[in-house]
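A short write-up of the structure that comes next.
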Amino acid sequence: MKKPWLEGTEVIDVNTPVSAWGGWFETFVLTAIVIAASFITQQHDPFRLNGGFPWPLLAPLLAGLRYGFVYGFVSALLILAILGVAINQQWQIATGFPLPWAIGVVVVAMVAGEFRDMWGRRLHRLEGAYQYRAERLEEFTRSYQLLRLSHDRLEQTVANSGFSLREGIMNLQSTLDAIDGLSPSSLQRLIEFIAEYGALTQACIVGIAADRIDTGRILACIGGNFSINGDDSVVMRALESGELAAVNLINEYAMDQDQLLAAIPLADSTGEIHALLAVRSMPFFAFQENNLRLIAVLVAHGVDHLRFGTANSSVGRFIASFERVHQDFSRFKLEATLLRLSGAPGDILNVYGQLRSSVRAIDLMCVARDREKPVIWLLLPLTDTVNARAWMQRADDILASVTSELIAISDIDPQTIRSLEPH
């Protein structure tokens with residue numbers, strides 16, 4: 001099989017043996033045609049011994065060039081044999097056998113045949129080298145395609161699975177732990193963290209003024225500065241809804257006019273929008289619903305942590321965290337569970353001290369007053385009631401002295417938490 005890069009070039013296929021019978025047949029036919037033509041064109045001197053170009057020489061010359069040394073040599077011997085017969089039968093006028101003429105015919109046939117054999121062997125080696133390289137190229141191409149396909153699938157798998165949301169919130173809290181307030185430096189830390197988890201390549205946090213973005217007030221940026229149109233439909237949709245807006249969720253005409261892929265308001269748990277995260281560029285495999293939801297949840301938790309993370313009242317932090325978890329459940333169906341512990345004041349304080357070293361980093365606990373009695377409220381984000389019960393079994397020794405009430409986020413009245421009073 002001829003390779004595409006050898007198209008138009010006659011080569012020898014080393015895997016296909018050459019038919020010897022075809023070569024011998026053509027050699028004999030070619031010799032016969034040349035002798036016949038010589039006799040027809042000049043009957044008294046068909047071999048041109050008395051002058052002129054020796055046209056019978058064409059038969060061994062062409063046979064040697066076409067098929068090689070042996071074929072040309074045999075054709076020359078046939079010419080000489082026919083010459084001898086023609087002289088003997090007086091078809092060719094000659095005083096004797098022309099030995100120099102005969103030697104010249106044989107030498108020409110031998111030189112032409114050897115020339116053809118030498119180049120045939122060279123072509124044979126080249127074709128073998130070409131075939132070897134073609135096979136290796138095909139193997140490399142298959143391996144490359146498989147590697148690229150597996151890499152694409154791996155990227156999609158990583159993008160779809162992403163980081164654990166619980167892990168992301170824990171790392172976010174540790175990253176922003178010592179930072180207070182929504183300052184440009186804290187927002188820069190926040191956007192760098194979001195870019196790492198959400199695979200953002202170009203984005204910025206822009207300020208808000210009079211319910212519109214202030215394009216001249218860029219608070220934080222990654223991937224280089226870029227201009228933002230205040231009338232961008234993605235930005236307007238995000239500000240109107242107070243939630244994540246993406247270019248694939250708006251009408252087709254607006255998609256042609258927009259420059260942003262997504263916009264996420266930096267709103268705290270009270271609903272106040274402090275700034276807007278504008279996403280200009282991100283890898284194609286990362287631009288999908290799960291990753292955008294991950295970014296929106298992390299942004300919301302980051303804003304709450306910067307706004308309420310250092311509040312003096314533990315009840316205030318608990319209420320703000322509950323509002324965020326309740327919004328996550330309403331918007332993204334992220335489960336959460338609350339645990340209410342009641343009992344004697346001494347037991348409550350004792351349990352509170354033991355639980356502080358047992359809860360997870362993302363869990364939040366506070367001591368509040370309910371009917372003049374202290375109660376412990378424990379918020380377990382990203383945890384359904386089944387996993388919450390499993391956690392309670394592990395902490396059974398600590399909870400044995402108090403009364404436990406497990407409440408799913410969907411079953412609690414938000415006003416119950418909002419009305420909590422510090423103990």
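Residues in the structure tokens are named by chain (A, B, ... in the order shown) and by number from 1 within that chain; ligands are numbered from 1 in the order shown.
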Selection: 12 Å around Leu78 (chain A), only C-alpha atoms, excl. self and same-chain fewer than 3 positions, as a list in words: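 Using only C-alpha atoms, the neighbours found are Thr27, Phe28, Val29, Leu30, Thr31, Ala32, Val34, Ile35, Pro56, Leu57, Ala59, Pro60, Ala63, Tyr71, Gly72, Phe73, Val74, Ser75, Ala81, Ile82, Leu83, Gly84, Val85, Ala102, Val105, Val106 and Ala109 of chain A.
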Neighbour list for Glu196 (chain A) as a ChimeraX atom specification, cut-off 12 Å, only C-alpha atoms, skip fewer than 4 positions in-chain: /A:162-163,168,171-172,189-192,200-203,222,282,286,291,294-295,298
File dump, residues just selected, all heavy atoms, as a short mmCIF file (atom, residue, chain, number, x, y, z; two decimals), in the first residue's frame:
```cif
data_model
loop_
_atom_site.label_atom_id
_atom_site.label_comp_id
_atom_site.auth_asym_id
_atom_site.auth_seq_id
_atom_site.Cartn_x
_atom_site.Cartn_y
_atom_site.Cartn_z
N GLY A 162 -14.41 18.22 40.27
CA GLY A 162 -13.86 19.39 40.94
C GLY A 162 -13.41 19.08 42.35
O GLY A 162 -13.28 17.93 42.77
N PHE A 163 -13.17 20.14 43.11
CA PHE A 163 -12.81 20.00 44.49
C PHE A 163 -14.08 19.73 45.30
O PHE A 163 -15.18 20.10 44.91
CB PHE A 163 -12.13 21.27 45.00
CG PHE A 163 -10.81 21.56 44.34
CD1 PHE A 163 -10.74 22.39 43.24
CD2 PHE A 163 -9.65 20.97 44.81
CE1 PHE A 163 -9.53 22.66 42.64
CE2 PHE A 163 -8.44 21.24 44.22
CZ PHE A 163 -8.37 22.07 43.12
N GLY A 168 -13.53 22.98 49.89
CA GLY A 168 -13.36 24.35 49.42
C GLY A 168 -13.74 25.38 50.46
O GLY A 168 -13.04 26.38 50.66
N ASN A 171 -11.04 25.39 53.20
CA ASN A 171 -9.83 26.10 52.75
C ASN A 171 -10.08 27.59 52.61
O ASN A 171 -9.17 28.41 52.86
CB ASN A 171 -9.34 25.51 51.43
CG ASN A 171 -8.81 24.10 51.59
OD1 ASN A 171 -8.44 23.69 52.68
ND2 ASN A 171 -8.78 23.36 50.50
N LEU A 172 -11.29 27.96 52.20
CA LEU A 172 -11.62 29.38 52.08
C LEU A 172 -11.57 30.06 53.44
O LEU A 172 -11.02 31.16 53.58
CB LEU A 172 -13.01 29.52 51.46
CG LEU A 172 -13.57 30.94 51.33
CD1 LEU A 172 -12.70 31.76 50.39
CD2 LEU A 172 -15.01 30.91 50.86
N ARG A 189 -7.39 38.44 47.65
CA ARG A 189 -7.19 37.08 48.16
C ARG A 189 -8.36 36.20 47.80
O ARG A 189 -8.20 35.03 47.43
CB ARG A 189 -7.00 37.12 49.68
CG ARG A 189 -5.72 37.79 50.15
CD ARG A 189 -4.53 36.87 49.96
NE ARG A 189 -4.63 35.68 50.79
CZ ARG A 189 -4.23 35.61 52.06
NH1 ARG A 189 -3.73 36.70 52.65
NH2 ARG A 189 -4.33 34.49 52.73
N LEU A 190 -9.56 36.76 47.89
CA LEU A 190 -10.76 35.99 47.57
C LEU A 190 -10.80 35.58 46.11
O LEU A 190 -11.06 34.42 45.77
CB LEU A 190 -12.01 36.79 47.94
CG LEU A 190 -13.36 36.16 47.55
CD1 LEU A 190 -13.55 34.84 48.28
CD2 LEU A 190 -14.51 37.11 47.85
N ILE A 191 -10.51 36.52 45.19
CA ILE A 191 -10.59 36.19 43.77
C ILE A 191 -9.48 35.23 43.36
O ILE A 191 -9.67 34.38 42.48
CB ILE A 191 -10.57 37.48 42.91
CG1 ILE A 191 -11.02 37.15 41.48
CG2 ILE A 191 -9.19 38.11 42.89
CD1 ILE A 191 -11.17 38.37 40.60
N GLU A 192 -8.33 35.32 43.99
CA GLU A 192 -7.26 34.37 43.70
C GLU A 192 -7.66 32.96 44.14
O GLU A 192 -7.37 31.98 43.45
CB GLU A 192 -5.97 34.81 44.40
CG GLU A 192 -5.34 36.06 43.78
CD GLU A 192 -4.15 36.55 44.59
OE1 GLU A 192 -3.86 35.95 45.66
OE2 GLU A 192 -3.50 37.52 44.15
N LEU A 200 -10.65 29.92 36.80
CA LEU A 200 -10.82 31.20 36.11
C LEU A 200 -9.47 31.66 35.58
O LEU A 200 -8.45 31.56 36.27
CB LEU A 200 -11.39 32.26 37.05
CG LEU A 200 -12.72 31.93 37.75
CD1 LEU A 200 -13.15 33.11 38.61
CD2 LEU A 200 -13.79 31.56 36.74
N THR A 201 -9.46 32.17 34.36
CA THR A 201 -8.21 32.67 33.78
C THR A 201 -8.19 34.20 33.67
O THR A 201 -7.12 34.79 33.67
CB THR A 201 -7.99 32.07 32.38
OG1 THR A 201 -9.14 32.33 31.56
CG2 THR A 201 -7.79 30.56 32.47
N GLN A 202 -9.35 34.82 33.58
CA GLN A 202 -9.41 36.28 33.54
C GLN A 202 -10.72 36.73 34.17
O GLN A 202 -11.80 36.40 33.67
CB GLN A 202 -9.30 36.80 32.10
CG GLN A 202 -9.09 38.30 32.01
CD GLN A 202 -8.89 38.78 30.58
OE1 GLN A 202 -9.32 38.13 29.65
NE2 GLN A 202 -8.23 39.91 30.42
N ALA A 203 -10.62 37.44 35.26
CA ALA A 203 -11.81 37.90 35.98
C ALA A 203 -11.42 39.08 36.85
O ALA A 203 -10.24 39.34 37.09
CB ALA A 203 -12.40 36.77 36.82
N ILE A 222 -7.56 39.27 38.23
CA ILE A 222 -6.60 38.23 37.86
C ILE A 222 -6.59 38.13 36.34
O ILE A 222 -7.59 38.42 35.67
CB ILE A 222 -6.96 36.86 38.47
CG1 ILE A 222 -8.35 36.42 37.98
CG2 ILE A 222 -6.87 36.86 39.97
CD1 ILE A 222 -8.62 34.97 38.22
N MET A 282 -12.38 31.63 30.87
CA MET A 282 -12.14 30.42 31.62
C MET A 282 -12.09 29.26 30.62
O MET A 282 -12.62 29.37 29.52
CB MET A 282 -13.23 30.18 32.67
CG MET A 282 -14.62 29.99 32.10
SD MET A 282 -15.92 30.02 33.38
CE MET A 282 -15.33 28.80 34.55
N ALA A 286 -14.38 24.02 31.86
CA ALA A 286 -14.80 24.49 33.18
C ALA A 286 -16.09 25.30 33.12
O ALA A 286 -16.70 25.55 34.17
CB ALA A 286 -13.70 25.33 33.81
N ASN A 291 -19.53 23.70 37.92
CA ASN A 291 -18.41 24.56 38.29
C ASN A 291 -18.87 25.98 38.60
O ASN A 291 -18.36 26.63 39.52
CB ASN A 291 -17.37 24.56 37.17
CG ASN A 291 -16.07 25.19 37.59
OD1 ASN A 291 -15.46 24.82 38.58
ND2 ASN A 291 -15.64 26.20 36.83
N LEU A 294 -20.32 25.97 41.98
CA LEU A 294 -19.23 25.94 42.97
C LEU A 294 -18.67 27.33 43.20
O LEU A 294 -18.46 27.76 44.34
CB LEU A 294 -18.14 24.98 42.50
CG LEU A 294 -16.84 24.97 43.32
CD1 LEU A 294 -17.10 24.43 44.72
CD2 LEU A 294 -15.77 24.17 42.61
N ILE A 295 -18.44 28.07 42.11
CA ILE A 295 -17.90 29.43 42.23
C ILE A 295 -18.87 30.33 43.00
O ILE A 295 -18.47 31.09 43.89
CB ILE A 295 -17.60 30.01 40.84
CG1 ILE A 295 -16.49 29.20 40.15
CG2 ILE A 295 -17.22 31.47 40.93
CD1 ILE A 295 -16.24 29.60 38.71
N LEU A 298 -18.84 29.45 46.77
CA LEU A 298 -17.61 29.90 47.42
C LEU A 298 -17.56 31.42 47.54
O LEU A 298 -17.09 31.95 48.56
CB LEU A 298 -16.40 29.38 46.64
CG LEU A 298 -16.16 27.86 46.68
CD1 LEU A 298 -14.96 27.50 45.82
CD2 LEU A 298 -15.96 27.38 48.11
#
```
Can you measure CA of His326 (chain A) to CA of Ile273 (chain A) for me? One decimal in Å is fine.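 Computing it gives 17.5 Å between the two atoms.
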For Leu399 (chain A), find every residue with an atom within 9 Å (counting only C-alpha atoms), except residues of its own chain fewer than 4 positions away, and show them as a tab-separated table (two decimals) with all heavy atoms, in the first residue's frame.
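Result went into out-v7.tsv, see below:
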```tsv
chain	number	residue	atom	x	y	z
A	341	LEU	N	-29.61	21.36	71.33
A	341	LEU	CA	-29.31	20.65	72.56
A	341	LEU	C	-29.82	21.46	73.74
A	341	LEU	O	-29.49	22.66	73.88
A	341	LEU	CB	-27.80	20.43	72.70
A	341	LEU	CG	-27.11	19.70	71.53
A	341	LEU	CD1	-25.60	19.65	71.76
A	341	LEU	CD2	-27.67	18.30	71.36
A	351	VAL	N	-21.21	20.45	77.92
A	351	VAL	CA	-21.29	19.88	76.58
A	351	VAL	C	-20.73	20.86	75.55
A	351	VAL	O	-20.03	20.46	74.60
A	351	VAL	CB	-22.75	19.51	76.24
A	351	VAL	CG1	-22.91	19.17	74.76
A	351	VAL	CG2	-23.21	18.34	77.10
A	355	LEU	N	-17.87	19.90	72.91
A	355	LEU	CA	-18.19	19.87	71.48
A	355	LEU	C	-17.28	20.80	70.68
A	355	LEU	O	-17.10	20.59	69.47
A	355	LEU	CB	-19.65	20.27	71.24
A	355	LEU	CG	-20.70	19.21	71.56
A	355	LEU	CD1	-22.09	19.76	71.29
A	355	LEU	CD2	-20.47	17.94	70.75
A	392	MET	N	-23.84	12.08	65.44
A	392	MET	CA	-24.34	12.05	66.81
A	392	MET	C	-23.99	10.73	67.51
A	392	MET	O	-23.70	10.72	68.72
A	392	MET	CB	-25.86	12.25	66.81
A	392	MET	CG	-26.31	13.65	66.41
A	392	MET	SD	-28.12	13.81	66.35
A	392	MET	CE	-28.55	13.46	68.06
A	395	ALA	N	-20.56	10.99	68.77
A	395	ALA	CA	-20.46	11.91	69.92
A	395	ALA	C	-21.47	11.56	71.00
A	395	ALA	O	-21.87	12.42	71.80
A	395	ALA	CB	-20.65	13.35	69.45
A	403	THR	N	-30.60	16.83	76.04
A	403	THR	CA	-31.65	16.39	75.11
A	403	THR	C	-31.33	16.90	73.71
A	403	THR	O	-31.07	18.09	73.53
A	403	THR	CB	-33.02	16.93	75.56
A	403	THR	OG1	-33.29	16.47	76.89
A	403	THR	CG2	-34.12	16.45	74.63
A	404	SER	N	-31.38	15.99	72.73
A	404	SER	CA	-30.99	16.34	71.36
A	404	SER	C	-32.21	16.37	70.46
A	404	SER	O	-33.09	15.50	70.54
A	404	SER	CB	-29.98	15.32	70.82
A	404	SER	OG	-28.86	15.22	71.68
```
Could you state the separation of CA of Asp347 (chain A) and CA of Leu420 (chain A) in Å, given to one decimal place?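 Value for the CA of Asp347 (chain A)-CA of Leu420 (chain A) distance: 20.0 Å.
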Within 10 Å of region 369-384 of chain A, which residues of region 275-346 of chain A come that close, and what is the closest atom pair and distance in Å for each? Count only C-alpha atoms and give it as a tab-separated table.
```
residue	atom	partner	partner_atom	distance
A:Val315	CA	A:Trp377	CA	9.3
A:Phe318	CA	A:Leu379	CA	7.9
A:Ile319	CA	A:Leu379	CA	9.8
A:Ser321	CA	A:Leu379	CA	8.3
A:Phe322	CA	A:Leu379	CA	7.3
A:Arg324	CA	A:Pro381	CA	9.7
A:Val325	CA	A:Pro381	CA	6.6
A:His326	CA	A:Pro381	CA	9.5
A:Asp328	CA	A:Leu382	CA	9.5
A:Phe329	CA	A:Leu382	CA	9.2
A:Lys333	CA	A:Leu382	CA	9.7
A:Leu334	CA	A:Leu382	CA	6.0
A:Glu335	CA	A:Leu382	CA	5.1
A:Ala336	CA	A:Pro381	CA	4.5
A:Thr337	CA	A:Leu380	CA	5.2
A:Leu338	CA	A:Leu379	CA	4.7
A:Leu339	CA	A:Leu378	CA	5.0
A:Arg340	CA	A:Trp377	CA	4.8
A:Leu341	CA	A:Ile376	CA	4.9
A:Ser342	CA	A:Val375	CA	4.9
A:Gly343	CA	A:Val375	CA	7.3
A:Ala344	CA	A:Pro374	CA	8.0
A:Pro345	CA	A:Pro374	CA	6.1
A:Gly346	CA	A:Pro374	CA	9.4
```
Counting only C-alpha atoms, what is within 12 Å of Ala267 (chain A), bar same-chain residues fewer than 2 positions away, as a PyMOL selection string? chain A and resi 182+207-208+238-239+241-244+264-265+269-277+296-307+323-324+327
Restrict the selected residues to N, CA and C atoms and save them as an mmCIF file, in the first residue's frame.
```
data_model
loop_
_atom_site.group_PDB
_atom_site.id
_atom_site.type_symbol
_atom_site.label_atom_id
_atom_site.label_comp_id
_atom_site.auth_asym_id
_atom_site.auth_seq_id
_atom_site.Cartn_x
_atom_site.Cartn_y
_atom_site.Cartn_z
ATOM 1 N N LEU A 182 -14.269 43.918 53.732
ATOM 2 C CA LEU A 182 -14.249 43.777 52.267
ATOM 3 C C LEU A 182 -13.327 44.836 51.673
ATOM 4 N N GLY A 207 -16.627 47.391 41.686
ATOM 5 C CA GLY A 207 -17.474 47.987 42.705
ATOM 6 C C GLY A 207 -18.880 48.296 42.196
ATOM 7 N N ILE A 208 -19.780 48.587 43.146
ATOM 8 C CA ILE A 208 -21.185 48.884 42.852
ATOM 9 C C ILE A 208 -21.485 50.303 43.323
ATOM 10 N N ALA A 238 -27.393 39.748 36.472
ATOM 11 C CA ALA A 238 -26.879 39.402 37.801
ATOM 12 C C ALA A 238 -27.321 40.424 38.843
ATOM 13 N N LEU A 239 -27.279 41.714 38.484
ATOM 14 C CA LEU A 239 -27.678 42.746 39.442
ATOM 15 C C LEU A 239 -29.182 42.722 39.695
ATOM 16 N N SER A 241 -31.239 40.052 39.503
ATOM 17 C CA SER A 241 -31.647 38.850 40.240
ATOM 18 C C SER A 241 -30.894 38.680 41.553
ATOM 19 N N GLY A 242 -29.715 39.301 41.652
ATOM 20 C CA GLY A 242 -28.894 39.097 42.832
ATOM 21 C C GLY A 242 -28.253 37.732 42.893
ATOM 22 N N GLU A 243 -28.253 37.012 41.767
ATOM 23 C CA GLU A 243 -27.712 35.663 41.724
ATOM 24 C C GLU A 243 -26.795 35.516 40.514
ATOM 25 N N LEU A 244 -26.229 34.328 40.402
ATOM 26 C CA LEU A 244 -25.338 34.015 39.289
ATOM 27 C C LEU A 244 -26.059 34.198 37.951
ATOM 28 N N ILE A 264 -21.270 37.279 38.978
ATOM 29 C CA ILE A 264 -21.755 36.786 40.269
ATOM 30 C C ILE A 264 -21.734 37.934 41.261
ATOM 31 N N PRO A 265 -22.890 38.337 41.798
ATOM 32 C CA PRO A 265 -22.905 39.413 42.795
ATOM 33 C C PRO A 265 -22.238 38.951 44.092
ATOM 34 N N SER A 269 -25.218 37.422 53.428
ATOM 35 C CA SER A 269 -26.421 36.661 53.776
ATOM 36 C C SER A 269 -27.637 37.548 54.009
ATOM 37 N N THR A 270 -27.437 38.853 54.203
ATOM 38 C CA THR A 270 -28.570 39.770 54.363
ATOM 39 C C THR A 270 -29.139 40.220 53.020
ATOM 40 N N GLY A 271 -28.450 39.885 51.914
ATOM 41 C CA GLY A 271 -28.904 40.270 50.589
ATOM 42 C C GLY A 271 -28.256 41.519 50.053
ATOM 43 N N GLU A 272 -27.412 42.174 50.827
ATOM 44 C CA GLU A 272 -26.747 43.399 50.369
ATOM 45 C C GLU A 272 -25.618 43.047 49.400
ATOM 46 N N ILE A 273 -25.633 43.684 48.215
ATOM 47 C CA ILE A 273 -24.614 43.437 47.199
ATOM 48 C C ILE A 273 -23.501 44.471 47.367
ATOM 49 N N HIS A 274 -22.281 43.992 47.588
ATOM 50 C CA HIS A 274 -21.146 44.875 47.839
ATOM 51 C C HIS A 274 -20.293 45.098 46.585
ATOM 52 N N ALA A 275 -20.268 44.122 45.684
ATOM 53 C CA ALA A 275 -19.466 44.225 44.470
ATOM 54 C C ALA A 275 -19.956 43.142 43.503
ATOM 55 N N LEU A 276 -19.280 43.038 42.377
ATOM 56 C CA LEU A 276 -19.676 42.057 41.364
ATOM 57 C C LEU A 276 -18.425 41.365 40.820
ATOM 58 N N LEU A 277 -18.475 40.039 40.773
ATOM 59 C CA LEU A 277 -17.397 39.259 40.167
ATOM 60 C C LEU A 277 -17.734 39.061 38.689
ATOM 61 N N ALA A 296 -20.174 30.227 42.663
ATOM 62 C CA ALA A 296 -21.165 31.078 43.315
ATOM 63 C C ALA A 296 -21.236 30.794 44.815
ATOM 64 N N VAL A 297 -21.189 29.511 45.196
ATOM 65 C CA VAL A 297 -21.262 29.163 46.625
ATOM 66 C C VAL A 297 -20.020 29.655 47.359
ATOM 67 N N LEU A 298 -18.842 29.454 46.771
ATOM 68 C CA LEU A 298 -17.609 29.896 47.423
ATOM 69 C C LEU A 298 -17.557 31.417 47.545
ATOM 70 N N VAL A 299 -18.019 32.121 46.513
ATOM 71 C CA VAL A 299 -18.051 33.589 46.581
ATOM 72 C C VAL A 299 -18.961 34.044 47.717
ATOM 73 N N ALA A 300 -20.132 33.431 47.812
ATOM 74 C CA ALA A 300 -21.074 33.827 48.859
ATOM 75 C C ALA A 300 -20.499 33.573 50.253
ATOM 76 N N HIS A 301 -19.898 32.399 50.458
ATOM 77 C CA HIS A 301 -19.317 32.096 51.762
ATOM 78 C C HIS A 301 -18.117 32.998 52.047
ATOM 79 N N GLY A 302 -17.357 33.325 51.005
ATOM 80 C CA GLY A 302 -16.228 34.214 51.215
ATOM 81 C C GLY A 302 -16.657 35.595 51.646
ATOM 82 N N VAL A 303 -17.710 36.127 51.031
ATOM 83 C CA VAL A 303 -18.208 37.453 51.402
ATOM 84 C C VAL A 303 -18.734 37.439 52.838
ATOM 85 N N ASP A 304 -19.476 36.394 53.197
ATOM 86 C CA ASP A 304 -19.982 36.310 54.572
ATOM 87 C C ASP A 304 -18.847 36.219 55.581
ATOM 88 N N HIS A 305 -17.811 35.451 55.213
ATOM 89 C CA HIS A 305 -16.692 35.323 56.158
ATOM 90 C C HIS A 305 -15.974 36.661 56.343
ATOM 91 N N LEU A 306 -15.786 37.403 55.250
ATOM 92 C CA LEU A 306 -15.137 38.710 55.367
ATOM 93 C C LEU A 306 -16.024 39.716 56.092
ATOM 94 N N ARG A 307 -17.321 39.562 55.928
ATOM 95 C CA ARG A 307 -18.247 40.528 56.547
ATOM 96 C C ARG A 307 -18.542 40.201 58.007
ATOM 97 N N GLU A 323 -28.281 31.975 57.614
ATOM 98 C CA GLU A 323 -28.885 32.622 56.453
ATOM 99 C C GLU A 323 -28.203 32.168 55.161
ATOM 100 N N ARG A 324 -26.871 32.048 55.192
ATOM 101 C CA ARG A 324 -26.150 31.610 54.002
ATOM 102 C C ARG A 324 -26.497 30.170 53.666
ATOM 103 N N GLN A 327 -29.954 29.978 52.200
ATOM 104 C CA GLN A 327 -29.968 30.415 50.799
ATOM 105 C C GLN A 327 -29.346 29.360 49.883
#
```
List every residue of region 113-183 of chain A that DSSP, applied to the backbone of this structure, places in helix (DSSP H, G or I), and write the result as a PyMOL selection string. chain A and resi 113-161+165-175
Which residues, written as a compact mmCIF listing (two decimals) with C-alpha atoms, in the first residue's frame, have at least one atom at most 10 Å from Ile213 (chain A), with only C-alpha atoms counted and residues fewer than 3 positions away on the same chain left out?
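Final output, saved to out_37.txt:
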```txt
# COMPACT_ATOMS: atom_id res chain seq x y z
CA ILE A 205 -14.24 42.26 41.10
CA VAL A 206 -15.83 45.61 40.27
CA GLY A 207 -17.47 47.99 42.71
CA ILE A 208 -21.19 48.88 42.85
CA ALA A 209 -22.63 52.40 42.84
CA ALA A 210 -26.35 53.23 42.70
CA GLY A 216 -13.72 52.81 37.08
CA ARG A 217 -13.48 51.01 40.44
CA ILE A 218 -11.79 47.66 39.96
CA ILE A 228 -16.40 46.10 31.26
CA ASN A 229 -19.56 47.45 29.69
CA GLY A 230 -22.05 48.59 32.31
CA ASP A 231 -24.90 47.66 29.94
CA VAL A 235 -24.08 42.12 34.40
CA MET A 236 -27.60 43.52 34.31
CA LEU A 239 -27.68 42.75 39.44
CA ALA A 275 -19.47 44.23 44.47
CA LEU A 276 -19.68 42.06 41.36
```
For Leu260 (chain A), find every residue with an atom within 7 Å (counting only C-alpha atoms), except residues of its own chain fewer than 5 positions away, and show them as a PyMOL selection string. chain A and resi 234+278-280
Counting only C-alpha atoms, what is within 10 Å of Trp91 (chain A), bar same-chain residues fewer than 2 positions away, as a ChimeraX atom specification? /A:39,43-47,83-89,93-94
May I ask which of the residues A:Ala112, A:Val402, A:Leu99, A:Ile79 is the closest one to Leu65 (chain A), counting only C-alpha atoms?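 Of A:Ala112, A:Val402, A:Leu99, A:Ile79, the one nearest Leu65 (chain A), counting only C-alpha atoms, is A:Ala112.
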Residue with smallest distance to Val359 (chain A) - pool A:Ile398, A:Ser143, A:Arg212, A:Phe308, counting only C-alpha atoms: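 Nearest to Val359 (chain A): A:Ile398.
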CA of Ala220 (chain A) to CA of Pro184 (chain A), straight-line distance in Å: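 Straight-line distance from CA of Pro184 (chain A) to CA of Ala220 (chain A) works out to 6.1 Å.
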